[in-house]
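As provided, model25.cif (mmCIF, C-alpha atoms (C1' of nucleotides)) reads as follows.
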data_my_file
#
loop_
_atom_site.label_atom_id
_atom_site.label_comp_id
_atom_site.auth_asym_id
_atom_site.auth_seq_id
_atom_site.Cartn_x
_atom_site.Cartn_y
_atom_site.Cartn_z
CA MET A 274 -16.01 -5.31 -36.47
CA SER A 275 -16.49 -4.40 -40.15
CA GLU A 276 -13.99 -2.26 -41.98
CA ASP A 277 -16.44 0.64 -42.09
CA GLU A 278 -17.03 0.38 -38.39
CA PHE A 279 -13.34 0.36 -37.68
CA GLU A 280 -12.82 3.43 -39.86
CA ALA A 281 -15.61 5.25 -38.03
CA PHE A 282 -14.07 4.31 -34.71
CA TYR A 283 -10.51 5.12 -35.61
CA ALA A 284 -11.55 8.48 -37.08
CA CYS A 285 -12.67 9.77 -33.71
CA PHE A 286 -9.15 9.52 -32.27
CA GLU A 287 -6.75 12.41 -32.43
CA GLU A 288 -2.99 12.12 -32.11
CA LYS A 289 -1.46 14.59 -29.66
CA THR A 290 2.02 15.21 -28.32
CA TYR A 291 2.71 16.54 -24.83
CA ALA A 292 6.07 18.01 -23.84
CA LYS A 293 7.84 16.78 -20.71
CA ARG A 294 6.00 18.23 -17.71
CA ALA A 295 2.93 19.20 -19.80
CA PHE A 296 -0.48 18.40 -18.31
CA LEU A 297 -3.04 16.11 -19.94
CA LEU A 298 -5.45 17.11 -17.17
CA LYS A 299 -5.35 19.59 -14.31
CA GLU A 300 -7.13 19.52 -10.95
CA GLY A 301 -10.41 21.40 -11.20
CA GLU A 302 -10.88 20.75 -14.91
CA THR A 303 -13.36 18.22 -16.21
CA CYS A 304 -11.78 15.27 -17.96
CA HIS A 305 -13.07 15.03 -21.54
CA HIS A 306 -10.70 12.42 -22.97
CA LYS A 307 -9.51 8.87 -22.77
CA HIS A 308 -5.88 8.76 -23.81
CA PHE A 309 -4.11 5.75 -25.30
CA ILE A 310 -0.37 6.18 -24.94
CA LEU A 311 1.63 5.54 -28.12
CA ASN A 312 4.89 6.74 -26.66
CA GLY A 313 6.10 8.21 -23.38
CA LEU A 314 5.20 8.08 -19.72
CA VAL A 315 2.69 9.93 -17.55
CA ARG A 316 1.71 10.08 -13.90
CA SER A 317 -1.55 10.88 -12.10
CA PHE A 318 -1.26 12.73 -8.80
CA TYR A 319 -3.01 15.07 -6.41
CA PHE A 320 -1.79 17.59 -3.86
CA ASP A 321 -2.49 16.65 -0.23
CA GLU A 322 -3.57 19.17 2.41
CA ARG A 323 0.05 20.14 3.00
CA GLY A 324 0.78 20.72 -0.65
CA ALA A 325 2.80 17.55 -1.23
CA GLU A 326 2.33 15.58 -4.46
CA ASN A 327 0.81 12.13 -4.10
CA ILE A 328 1.14 9.86 -7.11
CA THR A 329 -1.72 7.45 -7.67
CA GLN A 330 -0.80 5.97 -11.05
CA PHE A 331 1.82 5.68 -13.73
CA ALA A 332 1.05 4.79 -17.36
CA LEU A 333 3.29 4.14 -20.33
CA GLU A 334 3.18 2.76 -23.89
CA ASN A 335 -0.01 0.85 -24.77
CA TRP A 336 -1.79 1.82 -21.56
CA TRP A 337 -4.96 3.87 -21.35
CA VAL A 338 -5.13 6.81 -19.01
CA THR A 339 -7.96 9.08 -17.89
CA ASP A 340 -9.66 10.19 -14.68
CA THR A 341 -12.53 7.72 -14.77
CA GLU A 342 -14.64 9.51 -12.17
CA SER A 343 -14.34 12.89 -13.87
CA PHE A 344 -14.74 11.42 -17.36
CA VAL A 345 -17.80 9.28 -16.61
CA LEU A 346 -19.62 11.72 -14.35
CA GLN A 347 -18.35 14.85 -16.13
CA LYS A 348 -17.46 16.50 -12.86
CA SER A 349 -14.37 18.47 -11.98
CA SER A 350 -11.32 16.35 -11.34
CA ASN A 351 -9.26 15.99 -8.18
CA ILE A 352 -6.18 14.80 -9.97
CA ASN A 353 -3.52 16.00 -12.36
CA ILE A 354 -2.23 13.91 -15.24
CA GLN A 355 1.22 15.02 -16.31
CA ALA A 356 3.80 13.80 -18.83
CA ILE A 357 7.01 12.64 -17.14
CA GLU A 358 8.65 12.23 -20.55
CA GLU A 359 7.54 13.70 -23.88
CA THR A 360 4.41 11.70 -24.61
CA THR A 361 2.35 10.97 -27.73
CA THR A 362 -1.23 9.79 -27.34
CA LEU A 363 -4.25 8.76 -29.35
CA SER A 364 -7.06 10.59 -27.57
CA VAL A 365 -10.82 10.28 -27.93
CA GLU A 366 -13.26 12.89 -26.73
CA LYS A 367 -16.25 11.81 -24.62
CA SER A 368 -19.16 12.89 -26.84
CA GLU A 369 -17.43 11.42 -29.92
CA LEU A 370 -16.97 8.17 -28.07
CA GLU A 371 -20.58 8.10 -26.87
CA LYS A 372 -21.75 8.55 -30.48
CA ARG A 373 -19.67 5.59 -31.68
CA LEU A 374 -20.75 3.44 -28.74
CA HIS A 375 -24.36 3.89 -29.88
CA GLN A 376 -23.50 3.18 -33.52
CA ILE A 377 -21.27 0.17 -32.99
CA PRO A 378 -22.49 -2.48 -30.52
CA LEU A 379 -19.12 -4.24 -30.55
CA LEU A 380 -17.55 -1.13 -29.06
CA GLU A 381 -19.74 -1.41 -25.99
CA ARG A 382 -18.37 -4.89 -25.60
CA PHE A 383 -14.80 -3.68 -26.00
CA PHE A 384 -15.15 -0.94 -23.41
CA ARG A 385 -17.08 -3.18 -21.02
CA ILE A 386 -14.23 -5.65 -21.08
CA MET A 387 -11.72 -2.86 -20.68
CA ALA A 388 -13.56 -1.51 -17.63
CA GLU A 389 -13.69 -5.01 -16.12
CA ASN A 390 -9.97 -5.35 -16.65
CA MET A 391 -9.45 -2.03 -14.90
CA VAL A 392 -11.40 -3.32 -11.92
CA ILE A 393 -9.18 -6.39 -11.84
CA ALA A 394 -5.99 -4.34 -12.17
CA ILE A 395 -6.98 -1.91 -9.42
CA GLN A 396 -8.02 -4.71 -7.07
CA ARG A 397 -4.74 -6.53 -7.70
CA GLY A 398 -2.92 -3.31 -6.89
CA ASN A 399 -4.86 -2.96 -3.65
CA ASP A 400 -4.18 -6.55 -2.74
CA PHE A 401 -0.49 -6.06 -3.33
CA TYR A 402 -0.51 -2.87 -1.28
CA MET A 403 -2.38 -4.42 1.66
CA LYS A 404 -0.28 -7.56 1.90
CA MET A 405 3.16 -5.99 1.74
CA ASN A 406 5.19 -3.61 3.87
CA GLY A 407 7.26 -0.78 2.43
CA LYS A 408 10.33 -2.87 1.72
CA ASP A 409 8.42 -5.62 -0.03
CA ARG A 410 6.45 -3.12 -2.09
CA TYR A 411 9.65 -1.53 -3.32
CA GLU A 412 11.32 -4.82 -4.17
CA HIS A 413 8.20 -6.06 -5.92
CA PHE A 414 7.96 -2.82 -7.89
CA VAL A 415 11.58 -2.93 -9.03
CA HIS A 416 11.34 -6.60 -9.93
CA TRP A 417 8.03 -6.60 -11.81
CA LEU A 418 8.04 -3.13 -13.32
CA PRO A 419 11.68 -2.52 -14.20
CA ASP A 420 10.62 -0.15 -17.01
CA PHE A 421 9.14 2.23 -14.49
CA ALA A 422 11.99 1.83 -12.04
CA GLN A 423 14.42 2.90 -14.79
CA ARG A 424 12.45 5.81 -16.18
CA VAL A 425 10.83 7.34 -13.08
CA PRO A 426 12.83 9.34 -10.50
CA LEU A 427 13.10 7.73 -7.09
CA TYR A 428 11.05 10.26 -5.19
CA MET A 429 8.10 9.58 -7.51
CA ILE A 430 8.40 5.85 -6.93
CA ALA A 431 8.43 6.58 -3.20
CA SER A 432 5.26 8.63 -3.54
CA TYR A 433 3.56 5.92 -5.61
CA LEU A 434 4.51 3.25 -3.07
CA ASP A 435 3.32 5.54 -0.27
CA LEU A 436 6.72 5.92 1.36
CA THR A 437 8.84 8.96 2.07
CA PRO A 438 11.96 9.36 -0.10
CA GLU A 439 13.97 9.28 3.13
CA TYR A 440 12.59 5.95 4.19
CA LEU A 441 12.97 4.46 0.72
CA SER A 442 16.59 5.56 0.84
CA GLN A 443 17.00 3.66 4.12
CA LEU A 444 15.50 0.55 2.53
CA ARG A 445 17.85 0.67 -0.43
CA LYS A 446 20.85 0.94 1.84
CA GLY A 447 20.01 -1.89 4.24
CA MET B 189 -35.04 -2.79 -23.81
CA SER B 190 -38.06 -4.57 -25.30
CA GLU B 191 -40.34 -6.66 -23.12
CA ASP B 192 -39.08 -9.84 -24.79
CA GLU B 193 -35.51 -8.84 -24.14
CA PHE B 194 -36.25 -8.11 -20.52
CA GLU B 195 -37.94 -11.48 -20.11
CA ALA B 196 -34.95 -13.23 -21.66
CA PHE B 197 -32.63 -11.35 -19.35
CA TYR B 198 -34.65 -11.82 -16.20
CA ALA B 199 -35.10 -15.52 -16.91
CA CYS B 200 -31.39 -16.18 -16.52
CA PHE B 201 -31.40 -15.10 -12.87
CA GLU B 202 -31.97 -17.55 -10.10
CA GLU B 203 -33.10 -16.66 -6.60
CA LYS B 204 -31.03 -18.27 -3.85
CA THR B 205 -30.98 -18.05 -0.07
CA TYR B 206 -27.84 -18.45 2.01
CA ALA B 207 -27.94 -19.17 5.75
CA LYS B 208 -25.91 -17.01 8.11
CA ARG B 209 -22.24 -17.99 7.75
CA ALA B 210 -22.90 -19.84 4.45
CA PHE B 211 -20.39 -19.23 1.65
CA LEU B 212 -21.31 -17.78 -1.73
CA LEU B 213 -17.73 -18.47 -2.81
CA LYS B 214 -14.75 -20.17 -1.24
CA GLU B 215 -11.04 -19.61 -1.76
CA GLY B 216 -9.74 -21.97 -4.46
CA GLU B 217 -13.08 -22.25 -6.25
CA THR B 218 -13.75 -20.48 -9.53
CA CYS B 219 -16.42 -17.81 -9.29
CA HIS B 220 -19.26 -18.57 -11.70
CA HIS B 221 -21.86 -16.03 -10.57
CA LYS B 222 -22.64 -12.39 -10.19
CA HIS B 223 -24.97 -11.98 -7.21
CA PHE B 224 -27.45 -9.17 -6.75
CA ILE B 225 -28.43 -8.94 -3.08
CA LEU B 226 -32.18 -8.74 -2.45
CA ASN B 227 -31.84 -9.11 1.28
CA GLY B 228 -29.08 -9.62 3.80
CA LEU B 229 -25.42 -8.78 4.18
CA VAL B 230 -22.20 -10.44 2.99
CA ARG B 231 -18.48 -9.91 3.32
CA SER B 232 -15.50 -10.74 1.10
CA PHE B 233 -12.29 -11.73 2.85
CA TYR B 234 -9.07 -13.69 2.53
CA PHE B 235 -6.77 -15.36 5.05
CA ASP B 236 -3.34 -13.75 5.40
CA GLU B 237 -0.11 -15.73 5.82
CA ARG B 238 -0.74 -15.96 9.57
CA GLY B 239 -4.25 -17.28 9.15
CA ALA B 240 -6.05 -14.06 10.12
CA GLU B 241 -9.17 -12.99 8.19
CA ASN B 242 -8.81 -9.79 6.18
CA ILE B 243 -12.06 -8.23 5.00
CA THR B 244 -11.91 -6.45 1.66
CA GLN B 245 -15.60 -5.67 1.08
CA PHE B 246 -19.07 -5.61 2.53
CA ALA B 247 -22.23 -5.69 0.43
CA LEU B 248 -25.91 -5.43 1.37
CA GLU B 249 -29.33 -4.90 -0.22
CA ASN B 250 -29.25 -3.72 -3.86
CA TRP B 251 -25.51 -4.17 -4.22
CA TRP B 252 -23.82 -6.57 -6.62
CA VAL B 253 -21.15 -8.91 -5.37
CA THR B 254 -18.73 -11.27 -7.09
CA ASP B 255 -15.00 -11.85 -7.36
CA THR B 256 -14.43 -9.92 -10.55
CA GLU B 257 -10.98 -11.36 -11.22
CA SER B 258 -12.10 -14.95 -10.78
CA PHE B 259 -15.39 -14.38 -12.64
CA VAL B 260 -13.92 -12.62 -15.66
CA LEU B 261 -10.79 -14.72 -16.05
CA GLN B 262 -12.37 -17.95 -14.80
CA LYS B 263 -9.44 -18.66 -12.56
CA SER B 264 -9.45 -19.91 -9.00
CA SER B 265 -10.35 -17.27 -6.44
CA ASN B 266 -8.25 -15.92 -3.58
CA ILE B 267 -11.23 -14.72 -1.59
CA ASN B 268 -14.21 -16.03 0.32
CA ILE B 269 -17.65 -14.47 0.08
CA GLN B 270 -19.71 -15.27 3.14
CA ALA B 271 -23.16 -14.29 4.41
CA ILE B 272 -22.99 -12.33 7.67
CA GLU B 273 -26.79 -12.48 7.95
CA GLU B 274 -29.20 -14.80 6.15
CA THR B 275 -29.03 -13.49 2.60
CA THR B 276 -31.23 -13.79 -0.48
CA THR B 277 -29.75 -13.10 -3.90
CA LEU B 278 -30.63 -12.99 -7.57
CA SER B 279 -27.70 -14.76 -9.16
CA VAL B 280 -26.69 -15.11 -12.79
CA GLU B 281 -24.27 -17.70 -14.07
CA LYS B 282 -21.41 -16.63 -16.34
CA SER B 283 -22.20 -18.60 -19.51
CA GLU B 284 -25.89 -17.61 -19.26
CA LEU B 285 -24.88 -14.00 -18.93
CA GLU B 286 -22.47 -14.20 -21.88
CA LYS B 287 -25.25 -15.61 -24.04
CA ARG B 288 -27.58 -12.72 -23.18
CA LEU B 289 -24.84 -10.16 -23.66
CA HIS B 290 -24.47 -11.38 -27.25
CA GLN B 291 -28.22 -11.39 -27.83
CA ILE B 292 -29.04 -8.02 -26.27
CA PRO B 293 -26.73 -5.12 -27.16
CA LEU B 294 -28.27 -2.92 -24.45
CA LEU B 295 -27.01 -5.34 -21.83
CA GLU B 296 -23.43 -4.74 -22.90
CA ARG B 297 -24.10 -1.08 -22.26
CA PHE B 298 -25.61 -1.79 -18.86
CA PHE B 299 -22.68 -3.90 -17.71
CA ARG B 300 -20.12 -1.52 -19.18
CA ILE B 301 -21.61 1.30 -17.15
CA MET B 302 -21.77 -0.91 -14.09
CA ALA B 303 -18.08 -1.80 -14.44
CA GLU B 304 -17.18 1.88 -14.86
CA ASN B 305 -19.09 2.67 -11.69
CA MET B 306 -17.17 -0.05 -9.89
CA VAL B 307 -13.91 1.55 -10.98
CA ILE B 308 -15.14 4.86 -9.61
CA ALA B 309 -16.31 3.31 -6.33
CA ILE B 310 -13.06 1.43 -5.77
CA GLN B 311 -10.95 4.48 -6.57
CA ARG B 312 -13.01 6.61 -4.19
CA GLY B 313 -12.47 3.97 -1.53
CA ASN B 314 -8.73 4.06 -2.14
CA ASP B 315 -8.67 7.83 -2.02
CA PHE B 316 -10.54 7.76 1.28
CA TYR B 317 -8.18 5.16 2.66
CA MET B 318 -5.03 7.02 1.62
CA LYS B 319 -6.06 10.42 2.91
CA MET B 320 -7.31 9.41 6.36
CA ASN B 321 -5.74 7.93 9.49
CA GLY B 322 -7.36 5.15 11.51
CA LYS B 323 -9.51 7.40 13.65
CA ASP B 324 -10.87 9.37 10.70
CA ARG B 325 -11.58 6.21 8.74
CA TYR B 326 -13.62 4.83 11.62
CA GLU B 327 -15.58 8.04 12.15
CA HIS B 328 -16.22 8.38 8.45
CA PHE B 329 -17.38 4.78 8.27
CA VAL B 330 -19.80 5.12 11.19
CA HIS B 331 -21.14 8.40 9.88
CA TRP B 332 -21.61 7.51 6.22
CA LEU B 333 -22.43 3.82 6.47
CA PRO B 334 -24.48 3.56 9.67
CA ASP B 335 -26.27 0.48 8.29
CA PHE B 336 -23.02 -1.43 8.26
CA ALA B 337 -21.88 -0.07 11.60
CA GLN B 338 -25.11 -1.40 13.16
CA ARG B 339 -25.17 -4.79 11.53
CA VAL B 340 -21.51 -5.78 11.41
CA PRO B 341 -19.52 -6.84 14.50
CA LEU B 342 -16.76 -4.48 15.54
CA TYR B 343 -13.86 -6.77 14.80
CA MET B 344 -15.04 -7.06 11.20
CA ILE B 345 -15.21 -3.28 10.86
CA ALA B 346 -11.69 -3.12 12.29
CA SER B 347 -10.50 -5.62 9.70
CA TYR B 348 -12.22 -3.74 6.88
CA LEU B 349 -10.66 -0.44 8.00
CA ASP B 350 -7.31 -2.18 8.35
CA LEU B 351 -6.99 -1.68 12.10
CA THR B 352 -6.60 -4.14 14.94
CA PRO B 353 -9.68 -4.60 17.15
CA GLU B 354 -7.49 -3.49 20.07
CA TYR B 355 -6.59 -0.21 18.45
CA LEU B 356 -10.16 0.45 17.32
CA SER B 357 -11.22 -0.10 20.92
CA GLN B 358 -8.72 2.58 22.01
CA LEU B 359 -10.11 4.99 19.43
CA ARG B 360 -13.69 4.50 20.63
CA LYS B 361 -12.69 5.16 24.20
CA GLY B 362 -10.65 8.36 23.65
"C1'" DC C 234 30.56 26.95 -13.03
"C1'" DG C 235 26.25 28.18 -10.11
"C1'" DG C 236 21.71 26.84 -8.91
"C1'" DT C 237 18.01 23.90 -8.58
"C1'" DC C 238 16.53 19.36 -8.26
"C1'" DT C 239 17.40 14.83 -6.39
"C1'" DC C 240 19.12 11.53 -3.13
"C1'" DT C 241 21.14 10.23 1.40
"C1'" DT C 242 22.01 10.25 6.61
"C1'" DG C 243 20.81 10.32 11.30
"C1'" DA C 244 18.12 11.58 15.56
"C1'" DC C 245 13.68 11.66 17.26
"C1'" DG C 246 8.68 10.94 17.64
"C1'" DG C 247 4.10 9.00 16.95
"C1'" DA C 248 0.53 6.08 14.95
"C1'" DG C 249 -0.63 1.66 15.10
"C1'" DT C 250 0.67 -3.51 16.26
"C1'" DT C 251 1.52 -7.38 19.29
"C1'" DC C 252 0.85 -10.10 23.16
"C1'" DA C 253 -1.36 -11.51 27.29
"C1'" DA C 254 -5.11 -11.35 30.23
"C1'" DA C 255 -9.53 -10.36 31.83
"C1'" DG C 256 -14.41 -8.90 31.29
"C1'" DC C 257 -18.48 -9.08 28.65
"C1'" DT C 258 -22.36 -10.99 25.56
"C1'" DA C 259 -25.13 -13.86 23.09
"C1'" DG C 260 -26.35 -18.19 21.20
"C1'" DT C 261 -27.18 -23.00 22.26
"C1'" DG C 262 -28.44 -27.11 24.46
"C1'" DG C 263 -30.17 -29.30 28.33
"C1'" DC D 223 -35.38 -20.54 30.99
"C1'" DC D 224 -31.10 -20.85 32.85
"C1'" DA D 225 -26.20 -21.98 32.60
"C1'" DC D 226 -22.33 -22.63 29.88
"C1'" DT D 227 -19.33 -21.77 26.47
"C1'" DA D 228 -17.39 -19.71 22.56
"C1'" DG D 229 -16.93 -15.60 20.56
"C1'" DC D 230 -16.43 -10.68 21.06
"C1'" DT D 231 -14.53 -6.44 23.26
"C1'" DT D 232 -11.57 -3.95 26.33
"C1'" DT D 233 -7.03 -2.81 28.87
"C1'" DG D 234 -2.35 -1.84 29.24
"C1'" DA D 235 2.69 -2.27 28.34
"C1'" DA D 236 6.31 -3.00 25.19
"C1'" DC D 237 7.67 -2.61 20.65
"C1'" DT D 238 8.12 -1.49 15.39
"C1'" DC D 239 7.61 0.63 11.24
"C1'" DC D 240 7.72 4.58 9.13
"C1'" DG D 241 7.25 9.80 9.05
"C1'" DT D 242 9.37 14.30 10.23
"C1'" DC D 243 12.90 17.51 10.44
"C1'" DA D 244 17.33 19.27 9.42
"C1'" DA D 245 21.43 19.11 7.06
"C1'" DG D 246 24.47 17.88 3.60
"C1'" DA D 247 26.17 15.56 -0.77
"C1'" DG D 248 25.62 14.61 -5.63
"C1'" DA D 249 23.99 15.40 -10.21
"C1'" DC D 250 22.11 17.62 -14.04
"C1'" DC D 251 21.23 21.70 -16.97
"C1'" DG D 252 21.67 26.11 -18.60
#

Before we go any further, please render this structure as structure tokens.
Amino acid sequence: MSEDEFEAFYACFEEKTYAKRAFLLKEGETCHHKHFILNGLVRSFYFDERGAENITQFALENWWVTDTESFVLQKSSNINIQAIEETTTLSVEKSELEKRLHQIPLLERFFRIMAENMVIAIQRGNDFYMKMNGKDRYEHFVHWLPDFAQRVPLYMIASYLDLTPEYLSQLRKG
Amino acid sequence: MSEDEFEAFYACFEEKTYAKRAFLLKEGETCHHKHFILNGLVRSFYFDERGAENITQFALENWWVTDTESFVLQKSSNINIQAIEETTTLSVEKSELEKRLHQIPLLERFFRIMAENMVIAIQRGNDFYMKMNGKDRYEHFVHWLPDFAQRVPLYMIASYLDLTPEYLSQLRKG
DNA sequence: CGGTCTCTTGACGGAGTTCAAAGCTAGTGG
DNA sequence: CCACTAGCTTTGAACTCCGTCAAGAGACCG
């Protein structure tokens, strides 16, 4: 990428700071941004039919976060994205991004590769989920993602691992 | 895309036919192709620690199939892709594809969008899986994917929906 | 301190699995 | 074209993992 191209690309990002518990996206809104996290920690979650929060993803420093379905199809979102800690992002708006993608062929390549890596990451997550029971999922999580285990309250980890806090508590004891 | 470009792109595809039960990819091999299915039906599956087959995906006419992780990272695959019926594909080999992607910027765009759509499809699948119990998953599957329900044996549907054949049998009765 | 949020404990229940056996079906070869 | 066999589907009983409910104990923050 030439220096000019990089400038043009970088210029379309905006730095934003979200307070603890602030929302990057709320259910029912359309997602207009891809966020790159400079600092902090966020979660994606939805409310199930009984009003309980179900966490589908965490993201921290150097991760991207968005609701891909809402962002790509520009339809209203089913999920909330919320800061767990105070969080600073570099965020790019959809129409800005589209413009640059047309101007800079290398960007298409970059975002293609990023999307492929997302497919891989999600499929690995599924694989991990399918092959392990609750206990193994928890142990794996604590072992491989200690950053999250430190910074995220237990009941959120339980939700992410698709366990009740009560059952997770049992597992930790025994 | 210009006519020349399209010719160059189309030329890198090869038509192949796989007999029923033939493998498009075997565990341990590296996946070198993306396959577009012209005709037929395939499944992706792995063997769990007890030697039982676990189906992760079906694909039929007009769908793409590959092992994204193995294809992108060129590492040995954990899954098998096998024809359930005799299947004809248009298949493109990785290095051929890479060459064209460099030559034809529009292709990068095409495959970026395709990868994004895969992310959306997989996440929808996960959502569907998380929110429904076994009975609902089966009914949803039969209702929305009748083609599969007709053409795929029951024990494979059970595996795909993550149920035992015995339990699925119960569900159908009651 | 007082209240809300978080984590733990234990009794009970239900969705789904496991195992074993028997009935059914369809493909294959003779 | 039939018979045989291997593969597929059904049944039922015992069992397990994990969720639910209810109650209480800490812990953090104003």

Within 10 Å of chain D, which residues of chain A show up when using all atoms listed in the file, listed as a ChimeraX atom specification? /A:406-407,436-437,439-441

Two-atom distance - atom CA of B:Lys319, atom CA of A:Phe331 (Å): 19.0 Å

Dump as a PyMOL selection string the residues of chain C that approach chain A to within 12 Å, counting only C-alpha atoms (C1' of nucleotides). chain C and resi 238-243

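From atom CA of A:Ala325 back to atom CA of A:Thr290, the distance works out to 27.2 Å.
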
Tell me which protein, DNA and RNA residues are within 8 Å of A:Trp337, counting only C-alpha atoms (C1' of nucleotides), leaving out same-chain ones fewer than 2 positions away, and put them as a count of residues only. 7

Listing only residues of chain B within 9 Å of chain A, what is the closest atom pair and its distance in Å (to one decimal) for each, using all atoms listed in the file, sorted by chain and residue number ascending, as a tab-separated table?
residue	atom	partner	partner_atom	distance
B:Asp236	CA	A:Lys404	CA	7.7
B:Thr244	CA	A:Asp400	CA	8.9
B:Thr256	CA	A:Ile393	CA	6.5
B:Glu257	CA	A:Ile393	CA	5.3
B:Val260	CA	A:Glu389	CA	7.6
B:Leu289	CA	A:Arg382	CA	8.6
B:Pro293	CA	A:Pro378	CA	6.0
B:Leu294	CA	A:Pro378	CA	8.4
B:Glu296	CA	A:Arg382	CA	5.7
B:Arg297	CA	A:Glu381	CA	5.7
B:Phe298	CA	A:Arg385	CA	8.9
B:Phe299	CA	A:Arg385	CA	6.5
B:Arg300	CA	A:Arg385	CA	3.9
B:Ile301	CA	A:Arg385	CA	7.5
B:Met302	CA	A:Arg385	CA	8.7
B:Ala303	CA	A:Ala388	CA	5.5
B:Glu304	CA	A:Ala388	CA	5.7
B:Asn305	CA	A:Glu342	CA	8.2
B:Met306	CA	A:Val392	CA	6.9
B:Val307	CA	A:Val392	CA	5.6
B:Ile308	CA	A:Glu342	CA	5.3
B:Ala309	CA	A:Glu342	CA	8.7
B:Ile310	CA	A:Ile395	CA	7.8
B:Gln311	CA	A:Ile395	CA	8.0
B:Arg312	CA	A:Glu342	CA	8.6
B:Asn314	CA	A:Asn399	CA	8.2
B:Asp315	CA	A:Thr329	CA	9.0
B:Met318	CA	A:Asp435	CA	8.7
B:Lys319	CA	A:Asp321	CA	7.8
B:Asp350	CA	A:Met403	CA	8.6

Put the listed atoms of stretch 267-284 of chain B in a box along x, y and z with 3 Å added on every side and give me the centre and edge lengths in Å to one decimal, as JSON.
{"center_x": -21.2, "center_y": -15.5, "center_z": -5.8, "size_x": 26.0, "size_y": 12.3, "size_z": 33.5}

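Computed from the coordinates, the atom CA of B:Tyr234 to atom CA of B:Leu212 distance equals 13.6 Å.
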
Once the PyMOL selection byres ((chain B and resi 208) around 9) has been applied to the shown file, what residues remain in the selection, as a ChimeraX atom specification? /B:206-207,209-211,270-275

Output C-alpha atoms of each residue in that selection to a file, as a PDB file, keeping the file's coordinate frame.
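Output saved as part-v5.pdb:
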ATOM      1  CA  TYR B 206     -27.840 -18.450   2.010  1.00  0.00           C
ATOM      2  CA  ALA B 207     -27.940 -19.170   5.750  1.00  0.00           C
ATOM      3  CA  ARG B 209     -22.240 -17.990   7.750  1.00  0.00           C
ATOM      4  CA  ALA B 210     -22.900 -19.840   4.450  1.00  0.00           C
ATOM      5  CA  PHE B 211     -20.390 -19.230   1.650  1.00  0.00           C
ATOM      6  CA  GLN B 270     -19.710 -15.270   3.140  1.00  0.00           C
ATOM      7  CA  ALA B 271     -23.160 -14.290   4.410  1.00  0.00           C
ATOM      8  CA  ILE B 272     -22.990 -12.330   7.670  1.00  0.00           C
ATOM      9  CA  GLU B 273     -26.790 -12.480   7.950  1.00  0.00           C
ATOM     10  CA  GLU B 274     -29.200 -14.800   6.150  1.00  0.00           C
ATOM     11  CA  THR B 275     -29.030 -13.490   2.600  1.00  0.00           C
TER      12      THR B 275
END
